[in-house]
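work.txt, holding compact mmCIF, C-alpha atoms:
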# COMPACT_ATOMS: atom_id res chain seq x y z
CA MET A 23 21.40 16.69 -45.88
CA GLY A 24 22.72 20.13 -44.89
CA PRO A 25 26.10 21.41 -45.99
CA LEU A 26 29.13 20.31 -44.00
CA VAL A 27 31.73 23.07 -43.81
CA LEU A 28 34.79 21.14 -42.71
CA ALA A 29 38.51 21.72 -43.07
CA GLU A 30 40.39 19.50 -45.51
CA VAL A 31 44.04 18.50 -45.61
CA SER A 32 46.06 19.59 -48.66
CA VAL A 33 48.63 16.82 -48.99
CA SER A 34 49.91 17.55 -52.46
CA SER A 35 50.85 21.17 -51.75
CA GLY A 36 52.27 20.51 -48.33
CA THR A 37 50.05 23.22 -46.79
CA ARG A 38 47.15 22.84 -44.43
CA ARG A 39 44.68 24.87 -42.45
CA PRO A 40 45.77 25.41 -38.83
CA ASP A 41 42.74 23.43 -37.56
CA CYS A 42 43.58 20.37 -39.70
CA ASP A 43 45.62 17.39 -38.52
CA PRO A 44 47.40 15.77 -41.48
CA GLY A 45 47.59 12.48 -39.58
CA ARG A 46 43.84 12.19 -39.06
CA LEU A 47 40.89 11.68 -41.36
CA PRO A 48 38.93 14.88 -42.11
CA PRO A 49 35.41 14.56 -40.62
CA SER A 50 33.74 15.15 -43.99
CA ILE A 51 35.73 12.31 -45.55
CA GLY A 52 34.87 9.94 -42.72
CA ARG A 53 31.21 10.77 -43.16
CA ALA A 54 31.48 10.18 -46.91
CA PHE A 55 33.16 6.80 -46.41
CA ARG A 56 30.38 5.70 -44.05
CA ALA A 57 27.74 6.75 -46.58
CA ALA A 58 29.52 4.93 -49.42
CA LEU A 59 29.96 1.78 -47.31
CA ALA A 60 26.32 1.77 -46.27
CA GLU A 61 25.16 2.07 -49.87
CA ALA A 62 27.57 -0.61 -51.11
CA SER A 63 26.54 -2.98 -48.32
CA ARG A 64 22.93 -2.84 -49.51
CA HIS A 65 24.03 -4.51 -52.74
CA MET A 66 26.12 -7.31 -51.25
CA GLY A 67 24.88 -10.52 -52.84
CA ALA A 68 23.89 -8.91 -56.15
CA THR A 69 27.17 -7.84 -57.77
CA ALA A 70 29.05 -11.13 -58.38
CA PRO A 71 31.40 -11.72 -60.02
CA ASN A 72 32.16 -8.04 -59.42
CA PRO A 73 32.82 -6.76 -55.89
CA PRO A 74 30.39 -4.44 -54.12
CA VAL A 75 31.67 -0.84 -54.30
CA GLY A 76 30.35 2.47 -53.00
CA CYS A 77 31.17 6.07 -53.94
CA ALA A 78 30.33 9.46 -52.47
CA ILE A 79 30.99 12.77 -54.22
CA LEU A 80 31.60 15.94 -52.22
CA ASP A 81 31.93 19.61 -53.05
CA ALA A 82 34.83 21.81 -51.93
CA ARG A 83 33.09 22.58 -48.61
CA GLY A 84 32.68 18.89 -47.71
CA GLU A 85 28.97 18.61 -48.51
CA ILE A 86 27.94 15.22 -49.91
CA LEU A 87 26.37 15.74 -53.33
CA ALA A 88 25.67 12.13 -54.31
CA VAL A 89 26.11 8.58 -53.02
CA ALA A 90 25.92 5.52 -55.26
CA ALA A 91 26.94 1.87 -55.47
CA HIS A 92 27.51 -0.78 -58.09
CA HIS A 93 24.27 -2.76 -58.40
CA ARG A 94 25.16 -5.78 -60.55
CA ALA A 95 27.58 -6.94 -63.23
CA GLY A 96 27.08 -4.93 -66.41
CA ALA A 97 25.47 -2.00 -64.58
CA PRO A 98 27.35 1.28 -64.08
CA HIS A 99 30.13 1.22 -61.54
CA ALA A 100 29.67 3.22 -58.35
CA GLU A 101 31.79 6.17 -59.50
CA ALA A 102 30.03 6.49 -62.86
CA LEU A 103 26.60 6.26 -61.23
CA ALA A 104 27.46 8.88 -58.61
CA LEU A 105 28.70 11.22 -61.35
CA ARG A 106 25.50 10.60 -63.31
CA ILE A 107 23.40 11.51 -60.26
CA CYS A 108 25.37 14.73 -59.83
CA ALA A 109 24.84 15.61 -63.49
CA GLN A 110 21.12 14.82 -63.37
CA GLN A 111 20.69 17.05 -60.32
CA GLY A 112 22.71 19.91 -61.82
CA LEU A 113 25.50 19.53 -59.25
CA ILE A 114 28.38 18.30 -61.40
CA ASP A 115 30.12 21.71 -61.49
CA ARG A 116 30.40 21.56 -57.69
CA ALA A 117 32.00 18.10 -57.64
CA ALA A 118 35.46 18.36 -56.08
CA THR A 119 36.21 15.13 -54.19
CA ALA A 120 35.36 11.46 -54.78
CA VAL A 121 35.41 8.98 -51.91
CA VAL A 122 35.41 5.35 -53.11
CA THR A 123 35.54 2.15 -51.09
CA LEU A 124 37.70 0.42 -53.75
CA GLU A 125 40.35 1.78 -56.10
CA PRO A 126 38.71 2.99 -59.35
CA CYS A 127 39.24 0.65 -62.27
CA ASN A 128 41.50 1.68 -65.15
CA HIS A 129 40.44 -0.90 -67.72
CA THR A 130 37.51 -1.41 -70.07
CA GLY A 131 35.19 -4.33 -69.42
CA ARG A 132 31.42 -4.18 -69.80
CA THR A 133 31.75 -0.53 -68.78
CA GLY A 134 34.42 2.12 -69.33
CA PRO A 135 37.26 2.90 -66.91
CA CYS A 136 36.12 4.71 -63.78
CA SER A 137 39.43 6.58 -63.68
CA GLU A 138 38.58 8.24 -67.00
CA ALA A 139 35.05 9.08 -65.85
CA ILE A 140 36.51 10.86 -62.82
CA LEU A 141 39.05 12.73 -64.94
CA ALA A 142 36.27 13.90 -67.25
CA SER A 143 34.64 15.61 -64.24
CA PRO A 144 35.79 18.56 -62.11
CA ILE A 145 36.93 16.14 -59.37
CA ARG A 146 40.61 16.50 -58.50
CA THR A 147 40.82 14.81 -55.08
CA VAL A 148 40.14 11.09 -54.71
CA TRP A 149 40.09 9.12 -51.46
CA ILE A 150 40.43 5.34 -51.82
CA GLY A 151 39.34 2.90 -49.12
CA ALA A 152 41.07 -0.24 -50.42
CA ALA A 153 43.54 -0.93 -53.21
CA ASP A 154 42.47 -3.14 -56.11
CA PRO A 155 43.39 -6.72 -55.08
CA ASN A 156 43.87 -7.94 -58.64
CA PRO A 157 47.67 -8.17 -59.09
CA ARG A 158 47.32 -7.56 -62.83
CA VAL A 159 45.69 -4.14 -62.35
CA ALA A 160 46.48 -3.14 -58.74
CA GLY A 161 47.47 0.50 -58.57
CA GLY A 162 46.42 1.20 -62.13
CA GLY A 163 43.49 3.44 -61.27
CA ALA A 164 45.32 5.37 -58.58
CA ALA A 165 48.38 5.78 -60.79
CA ARG A 166 46.30 7.04 -63.72
CA LEU A 167 44.52 9.58 -61.55
CA GLY A 168 47.76 10.75 -59.94
CA ALA A 169 49.54 11.08 -63.27
CA ALA A 170 46.70 13.28 -64.53
CA GLY A 171 47.08 15.66 -61.61
CA CYS A 172 44.58 14.34 -59.08
CA ASP A 173 45.42 14.36 -55.39
CA VAL A 174 45.02 10.64 -54.58
CA ARG A 175 44.83 9.64 -50.93
CA MET A 176 44.75 6.08 -49.59
CA LEU A 177 42.79 5.43 -46.40
CA ALA A 178 45.41 2.81 -45.48
CA ASP A 179 47.98 5.57 -45.07
CA LEU A 180 46.03 6.79 -42.01
CA ALA A 181 45.11 3.32 -40.75
CA GLY A 182 48.42 1.49 -40.42
CA PRO A 183 49.67 -0.14 -37.21
CA ASN A 184 51.39 3.07 -36.12
CA ALA A 185 48.55 5.39 -37.12
CA ALA A 186 46.75 7.36 -34.42
CA ASP A 187 43.33 7.60 -36.07
CA PRO A 188 40.93 4.85 -34.90
CA ASP A 189 38.17 6.16 -37.16
CA ALA A 190 40.35 5.71 -40.23
CA ALA A 191 41.36 2.24 -39.03
CA ASP A 192 37.73 1.17 -38.59
CA LEU A 193 36.72 2.53 -41.98
CA ALA A 194 39.69 0.84 -43.66
CA ALA A 195 38.66 -2.45 -42.02
CA ASP A 196 35.11 -1.96 -43.31
CA CYS A 197 36.39 -1.32 -46.84
CA ARG A 198 38.50 -4.50 -46.70
CA ALA A 199 35.59 -6.49 -45.24
CA LEU A 200 33.33 -5.33 -48.07
CA ILE A 201 35.60 -6.98 -50.65
CA ALA A 202 37.00 -9.87 -48.57
CA PRO A 203 35.08 -12.53 -50.57
CA PHE A 204 36.14 -10.93 -53.85
CA VAL A 205 39.79 -10.80 -52.73
CA HIS A 206 39.62 -14.48 -51.74
CA TRP A 207 37.95 -15.49 -55.02
CA SER A 208 40.24 -13.42 -57.24
CA ARG A 209 43.38 -14.87 -55.62
CA THR A 210 42.30 -18.50 -55.14
CA GLY A 211 39.37 -19.11 -57.51
CA ARG A 212 37.42 -20.35 -54.48
CA THR A 213 34.26 -18.97 -52.94
CA TRP A 214 34.39 -17.48 -49.43
CA MET A 215 32.58 -19.91 -47.10
CA THR A 216 30.68 -18.62 -44.07
CA VAL A 217 29.31 -21.26 -41.71
CA LYS A 218 26.29 -20.39 -39.56
CA GLN A 219 25.72 -22.74 -36.64
CA ALA A 220 23.09 -22.49 -33.90
CA VAL A 221 23.87 -24.39 -30.71
CA ALA A 222 21.62 -24.95 -27.69
CA ALA A 223 22.84 -24.89 -24.09
CA ASP A 224 23.33 -28.68 -24.13
CA GLY A 225 25.44 -28.49 -27.29
CA SER A 226 22.66 -29.81 -29.51
CA MET A 227 21.78 -28.35 -32.89
CA ILE A 228 18.33 -29.94 -32.87
CA PRO A 229 15.36 -27.68 -31.98
CA PRO A 230 12.79 -28.79 -29.40
CA ALA A 231 9.88 -30.91 -30.60
CA GLY A 232 7.35 -28.88 -32.55
CA ARG A 233 9.78 -26.06 -33.35
CA THR A 234 12.03 -25.39 -36.32
CA THR A 235 14.53 -23.27 -34.35
CA PHE A 236 15.55 -22.36 -30.83
CA THR A 237 17.05 -18.97 -31.69
CA SER A 238 15.45 -15.55 -31.30
CA ASP A 239 13.71 -13.43 -33.89
CA SER A 240 16.76 -11.15 -34.04
CA ALA A 241 18.99 -14.14 -34.80
CA LEU A 242 16.58 -15.22 -37.53
CA ASP A 243 16.73 -11.72 -38.99
CA VAL A 244 20.54 -11.98 -39.10
CA ALA A 245 20.26 -15.34 -40.88
CA HIS A 246 18.04 -13.89 -43.58
CA ARG A 247 20.26 -10.82 -43.99
CA LEU A 248 23.11 -13.27 -44.54
CA ARG A 249 21.12 -15.17 -47.17
CA ARG A 250 20.44 -11.89 -48.94
CA ALA A 251 24.10 -10.81 -48.84
CA THR A 252 25.55 -14.10 -50.12
CA ASP A 253 25.63 -15.55 -53.63
CA ALA A 254 25.08 -19.19 -52.69
CA VAL A 255 23.76 -21.53 -50.00
CA VAL A 256 25.35 -24.85 -49.08
CA THR A 257 23.53 -27.55 -47.17
CA GLY A 258 23.65 -31.30 -46.63
CA ILE A 259 21.43 -34.09 -47.83
CA GLY A 260 20.60 -34.96 -44.22
CA THR A 261 19.13 -31.50 -43.69
CA VAL A 262 17.16 -31.72 -46.94
CA LEU A 263 15.68 -35.13 -46.10
CA ALA A 264 14.88 -34.25 -42.49
CA ASP A 265 13.65 -30.67 -42.80
CA ARG A 266 13.02 -29.95 -46.49
CA PRO A 267 14.22 -26.36 -45.90
CA ALA A 268 13.25 -23.47 -48.17
CA LEU A 269 16.58 -21.61 -47.67
CA ASP A 270 15.24 -18.50 -49.43
CA VAL A 271 15.14 -14.91 -48.16
CA ARG A 272 11.92 -14.15 -46.30
CA ARG A 273 12.36 -11.97 -43.22
CA VAL A 274 14.00 -9.11 -45.17
CA ALA A 275 13.48 -7.88 -48.71
CA ASP A 276 15.65 -9.72 -51.24
CA HIS A 277 17.46 -8.04 -54.15
CA ALA A 278 14.99 -7.17 -56.89
CA GLY A 279 15.61 -9.17 -60.05
CA ARG A 280 18.60 -11.02 -58.65
CA ALA A 281 20.13 -13.79 -60.75
CA ARG A 282 19.42 -17.41 -59.88
CA ARG A 283 21.12 -18.20 -56.60
CA LEU A 284 23.34 -21.25 -56.34
CA LEU A 285 22.21 -23.95 -53.92
CA VAL A 286 24.69 -26.79 -53.42
CA VAL A 287 23.60 -29.97 -51.64
CA CYS A 288 26.41 -32.21 -50.38
CA ASP A 289 25.14 -35.66 -51.30
CA ARG A 290 27.50 -38.62 -51.69
CA ARG A 291 24.82 -41.22 -52.50
CA GLY A 292 22.50 -39.50 -54.96
CA ARG A 293 19.55 -39.17 -52.57
CA LEU A 294 18.44 -35.65 -53.52
CA PRO A 295 14.62 -35.78 -54.00
CA ASP A 296 13.43 -34.67 -57.42
CA ASP A 297 10.39 -32.86 -56.01
CA TRP A 298 12.50 -30.85 -53.55
CA ARG A 299 14.92 -29.90 -56.35
CA ALA A 300 11.99 -28.80 -58.52
CA ALA A 301 10.50 -26.72 -55.70
CA ALA A 302 13.87 -25.07 -54.98
CA THR A 303 14.29 -24.29 -58.67
CA ALA A 304 10.86 -22.68 -58.70
CA ARG A 305 11.98 -20.49 -55.77
CA GLY A 306 14.84 -19.13 -57.89
CA PHE A 307 17.70 -21.49 -57.04
CA ASP A 308 20.21 -23.11 -59.35
CA VAL A 309 20.42 -26.47 -57.55
CA ARG A 310 23.58 -28.55 -57.80
CA ALA A 311 24.71 -31.69 -56.01
CA CYS A 312 28.29 -32.33 -54.92
CA ASP A 313 29.70 -35.61 -53.60
CA ASP A 314 32.95 -34.15 -52.21
CA VAL A 315 32.73 -31.42 -49.58
CA ALA A 316 36.33 -30.38 -50.24
CA GLN A 317 35.41 -29.41 -53.80
CA VAL A 318 32.49 -27.13 -52.92
CA PRO A 319 34.45 -23.83 -52.79
CA ALA A 320 36.04 -24.51 -56.19
CA LEU A 321 32.72 -25.59 -57.71
CA LEU A 322 31.08 -22.38 -56.54
CA GLY A 323 34.08 -20.29 -57.54
CA GLU A 324 33.93 -21.60 -61.09
CA ALA A 325 30.30 -20.48 -61.21
CA GLY A 326 31.31 -16.94 -60.20
CA ALA A 327 29.97 -16.98 -56.64
CA LEU A 328 31.98 -14.77 -54.30
CA TRP A 329 30.37 -15.63 -50.95
CA ALA A 330 28.45 -18.71 -49.76
CA LEU A 331 26.46 -19.35 -46.60
CA VAL A 332 26.57 -22.85 -45.11
CA GLU A 333 23.36 -23.90 -43.34
CA ALA A 334 23.61 -27.57 -42.45
CA GLY A 335 23.59 -30.18 -39.71
CA PRO A 336 26.42 -31.41 -37.50
CA ALA A 337 27.65 -34.14 -39.87
CA LEU A 338 28.39 -31.75 -42.74
CA LEU A 339 29.76 -29.06 -40.43
CA ASP A 340 32.16 -31.59 -38.87
CA ALA A 341 33.29 -32.61 -42.36
CA MET A 342 33.82 -28.99 -43.38
CA ARG A 343 35.78 -28.20 -40.25
CA GLY A 344 37.92 -31.28 -40.72
CA ALA A 345 38.65 -30.43 -44.34
CA GLY A 346 39.28 -26.74 -43.59
CA VAL A 347 36.46 -25.78 -45.95
CA TRP A 348 35.45 -22.57 -44.21
CA ASP A 349 36.64 -18.97 -43.95
CA ASP A 350 34.59 -17.58 -41.08
CA TRP A 351 32.26 -19.29 -38.61
CA LEU A 352 29.25 -17.68 -36.94
CA THR A 353 28.08 -19.53 -33.82
CA ILE A 354 24.74 -18.54 -32.31
CA GLY A 355 24.74 -19.99 -28.81
CA VAL A 356 21.70 -20.14 -26.52
CA THR A 357 22.29 -20.52 -22.80
CA ALA A 358 20.16 -22.52 -20.36
CA GLY A 359 18.61 -19.23 -19.25
CA GLY A 360 17.61 -18.39 -22.80
CA ARG A 361 20.25 -15.73 -23.39
CA GLU A 362 21.83 -15.60 -26.82
CA ARG A 363 25.41 -14.95 -27.88
CA MET A 364 26.88 -14.63 -31.35
CA ASP A 365 30.57 -15.48 -31.77
CA ILE A 366 32.62 -15.15 -34.94
CA THR A 367 35.79 -17.07 -35.73
CA VAL A 368 37.92 -16.13 -38.73
CA ARG A 369 40.53 -18.38 -40.31
CA ASP A 370 43.69 -16.33 -40.18
CA GLY A 371 45.08 -15.61 -43.63
CA ALA A 372 42.21 -17.20 -45.55
CA GLY A 373 42.81 -16.34 -49.19
CA GLY A 374 45.15 -13.51 -48.18
CA SER A 375 42.37 -11.74 -46.29
CA GLY A 376 44.03 -11.80 -42.87
CA ARG A 377 41.42 -11.08 -40.18
CA ASP A 378 38.93 -9.41 -42.52
CA THR A 379 35.42 -10.86 -42.57
CA PRO A 380 32.38 -9.65 -44.51
CA LEU A 381 30.28 -10.48 -41.44
CA ARG A 382 31.51 -7.14 -40.11
CA LEU A 383 29.00 -5.40 -42.39
CA ILE A 384 25.90 -7.47 -41.54
CA PRO A 385 23.44 -5.49 -39.38
CA GLY A 386 22.85 -7.19 -36.04
CA LEU A 387 26.32 -8.70 -35.80
CA ALA A 388 28.84 -7.04 -33.50
CA VAL A 389 32.22 -8.09 -34.88
CA PRO A 390 35.05 -7.35 -32.42
CA ARG A 391 37.99 -5.31 -33.70
CA GLU A 392 40.28 -8.22 -32.79
CA GLY A 393 38.35 -11.39 -33.63
CA THR A 394 39.32 -14.94 -32.82
CA CYS A 395 41.45 -16.47 -35.55
CA PHE A 396 42.58 -19.99 -36.31
CA PRO A 397 45.55 -20.72 -38.61
CA ALA A 398 44.49 -21.53 -42.16
CA SER A 399 44.93 -25.21 -42.97
Produce C-alpha cells that represent the structure in this file.
Amino acid sequence: MGPLVLAEVSVSSGTRRPDCDPGRLPPSIGRAFRAALAEASRHMGATAPNPPVGCAILDARGEILAVAAHHRAGAPHAEALALRICAQQGLIDRAATAVVTLEPCNHTGRTGPCSEAILASPIRTVWIGAADPNPRVAGGGAARLGAAGCDVRMLADLAGPNAADPDAADLAADCRALIAPFVHWSRTGRTWMTVKQAVAADGSMIPPAGRTTFTSDSALDVAHRLRRATDAVVTGIGTVLADRPALDVRRVADHAGRARRLLVVCDRRGRLPDDWRAAATARGFDVRACDDVAQVPALLGEAGALWALVEAGPALLDAMRGAGVWDDWLTIGVTAGGRERMDITVRDGAGGSGRDTPLRLIPGLAVPREGTCFPAS
C-alpha cells in the first residue's frame, strides 16, 4: 500500500488546514475505518464472548502502517496486535493515529487495558467507531486516553442525524452492526437470533423432488458465510428427522481451530436421534435440545453465544415469529421466473440495537440504509 498524503483535522487545537472540512471525515481516516472493519468482519463467529474489533494504525501523513483484529477470547485485542505488528516491522516510531471500531478497553481481563497499550506508544490521536456498550465501563477508555493528552474523536460526532457526511454515517452504522449481537447480549443476556428463510414463488419452503434447495449458488454462499459468522445454529426436530442436515460450514473456509459450535434442536417430545447427535458432535457441534422455543435465546446467551442462525422449517419459524424470538429475518424469495430476492427485516429496538443488524457486514447481502423494522414485542 502506497503512502496516503491527506490533510487531517486538528480538533483539539482549534486549527485546521485550509483544505480540511472539520465537519467531514478525513479521507485517510475513512480508509482506515474500512480496513479495520474488513479485518474485524473476517473474525465474526470466532471471538465470543468478546465482540469482534478491528484497528488500523496510521502515521502522521495518513499512511496505514498496520491493520489487525481480535481473533478469539484470550488472544490479543485488536489495538495490541496492531501495535505489535508495527513494532515487529520497525514502524512503531511512525505510529501517530489509531482507528478502532470499538472504544478501547480500560480494564484488565485476560489481557491488559488497550488504553494503556496505546498510551505506551507514540500514538496521540484516536478515532473511535462505536462507544463501549457496557454501562459499567462505557467511556472509560476514551476518558483515560483524553485525560492523558490524546486527541480522541468519536465517529458518531460526524454521523448524527444533522451531520452532512454520508461516509461517516455509513461507517458508523458498520461499526454498530459489527457489535450489534454483543450489545444485545451484554444488555439482555440473550443471543441475537437471525432467521434465514427460503421461500419459493408459491410460498412453499419445500424444495422440488430430488433437490435439497431451490435457491442459487450465490444464496447458498451467503448461507455458509452466515454459518461461519455466527456462534450457534438453531433448528427444529422436524428438519432433523426429515433432512438430517449437516449444518456445518462447507462452501467457504471456516475459522481455523474454532471452539465447538452450539447446535440447538427444538424438540418437545425427546425425538432427537442418537446417531444424528453423535454425527453432529463429530462435526464439531455442541448439541443441545430445548423443549421451549421461547427459552432458546437465554439458553444460548448463558453459554456465551453472541449470534445464532436459525435454519428450520415453517412450524418452528411460525413459533419463533409468534413468540417474538428473533432479531432480524433474512428472506430469500424465488420468483416464478427463477429470479431471486433477498429481503431483511429488523425488529426495531431489539436489545437496544435500534435498526442495526450484523447482516450488513455479510458479503453478498445488500442491506438498505433504511431497512424494514417491526416493533419489538
*Which neighbours of A:Asp276 fall inside 9 Å, counting only C-alpha atoms, when residues of the same chain fewer than 5 positions from it are skipped, and could you give them as a list in words?*
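Here the qualifying residues turn out to be Arg247, Arg249, Arg250, Ala251, Asp270 and Val271 of chain A.
Rounded to one decimal, atom CA of A:Asn156 and atom CA of A:Ser137 lie 16.0 Å from each other.
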*Counting only C-alpha atoms, note down every residue that has an atom within 10 Å of the point (31.5, 17.3, -63.8) (file coordinates), as a ChimeraX atom specification.*
/A:105-106,108-109,112-118,139-145
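For the set A:Thr69, A:Gln110, A:Ser63, A:Ser208, the residue with the smallest atom-to-atom gap to A:His93 is A:Thr69, counting all atoms listed in the file.
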*Record the distance separating atom CA of A:Phe55 and atom CA of A:Leu328, expressed in Å with one decimal.*
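Going from atom CA of A:Phe55 over to atom CA of A:Leu328, I get 23.0 Å.
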_Contact residues around A:Phe204 with all atoms listed in the file at 9 Å, ignoring same-chain residues under 5 positions, as a ChimeraX atom specification_ = /A:70-74,155,209,213-214,328-329
Can you patch up stretch 309-325 of chain A, filling it in to N, CA and C atoms, and show the result as a compact mmCIF listing (two decimals), keeping the file's coordinate frame?
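Below is the file rebuild17.txt, written as the result:
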# COMPACT_ATOMS: atom_id res chain seq x y z
N VAL A 309 20.09 -25.39 -58.47
CA VAL A 309 20.42 -26.47 -57.55
C VAL A 309 21.48 -27.38 -58.15
N ARG A 310 22.52 -27.65 -57.36
CA ARG A 310 23.58 -28.55 -57.80
C ARG A 310 23.92 -29.49 -56.65
N ALA A 311 24.27 -30.71 -57.00
CA ALA A 311 24.71 -31.69 -56.01
C ALA A 311 26.21 -31.88 -56.11
N CYS A 312 26.84 -32.14 -54.96
CA CYS A 312 28.29 -32.33 -54.92
C CYS A 312 28.59 -33.50 -53.98
N ASP A 313 29.41 -34.44 -54.43
CA ASP A 313 29.70 -35.61 -53.60
C ASP A 313 31.02 -35.49 -52.84
N ASP A 314 31.68 -34.34 -52.90
CA ASP A 314 32.95 -34.15 -52.21
C ASP A 314 32.96 -32.76 -51.58
N VAL A 315 32.83 -32.71 -50.26
CA VAL A 315 32.73 -31.42 -49.58
C VAL A 315 33.96 -30.55 -49.84
N ALA A 316 35.11 -31.15 -50.02
CA ALA A 316 36.33 -30.38 -50.24
C ALA A 316 36.31 -29.62 -51.55
N GLN A 317 35.47 -30.04 -52.48
CA GLN A 317 35.41 -29.41 -53.80
C GLN A 317 34.36 -28.30 -53.90
N VAL A 318 33.58 -28.11 -52.84
CA VAL A 318 32.49 -27.13 -52.92
C VAL A 318 32.99 -25.71 -53.20
N PRO A 319 34.02 -25.20 -52.49
CA PRO A 319 34.45 -23.83 -52.79
C PRO A 319 34.91 -23.64 -54.23
N ALA A 320 35.59 -24.63 -54.79
CA ALA A 320 36.04 -24.51 -56.19
C ALA A 320 34.86 -24.59 -57.15
N LEU A 321 33.91 -25.48 -56.86
CA LEU A 321 32.72 -25.59 -57.71
C LEU A 321 31.96 -24.27 -57.76
N LEU A 322 31.77 -23.66 -56.59
CA LEU A 322 31.08 -22.38 -56.54
C LEU A 322 31.90 -21.27 -57.18
N GLY A 323 33.22 -21.31 -56.96
CA GLY A 323 34.08 -20.29 -57.54
C GLY A 323 34.04 -20.31 -59.06
N GLU A 324 34.02 -21.50 -59.64
CA GLU A 324 33.93 -21.60 -61.09
C GLU A 324 32.63 -21.03 -61.62
N ALA A 325 31.60 -21.05 -60.80
CA ALA A 325 30.30 -20.48 -61.21
C ALA A 325 30.22 -18.98 -60.97
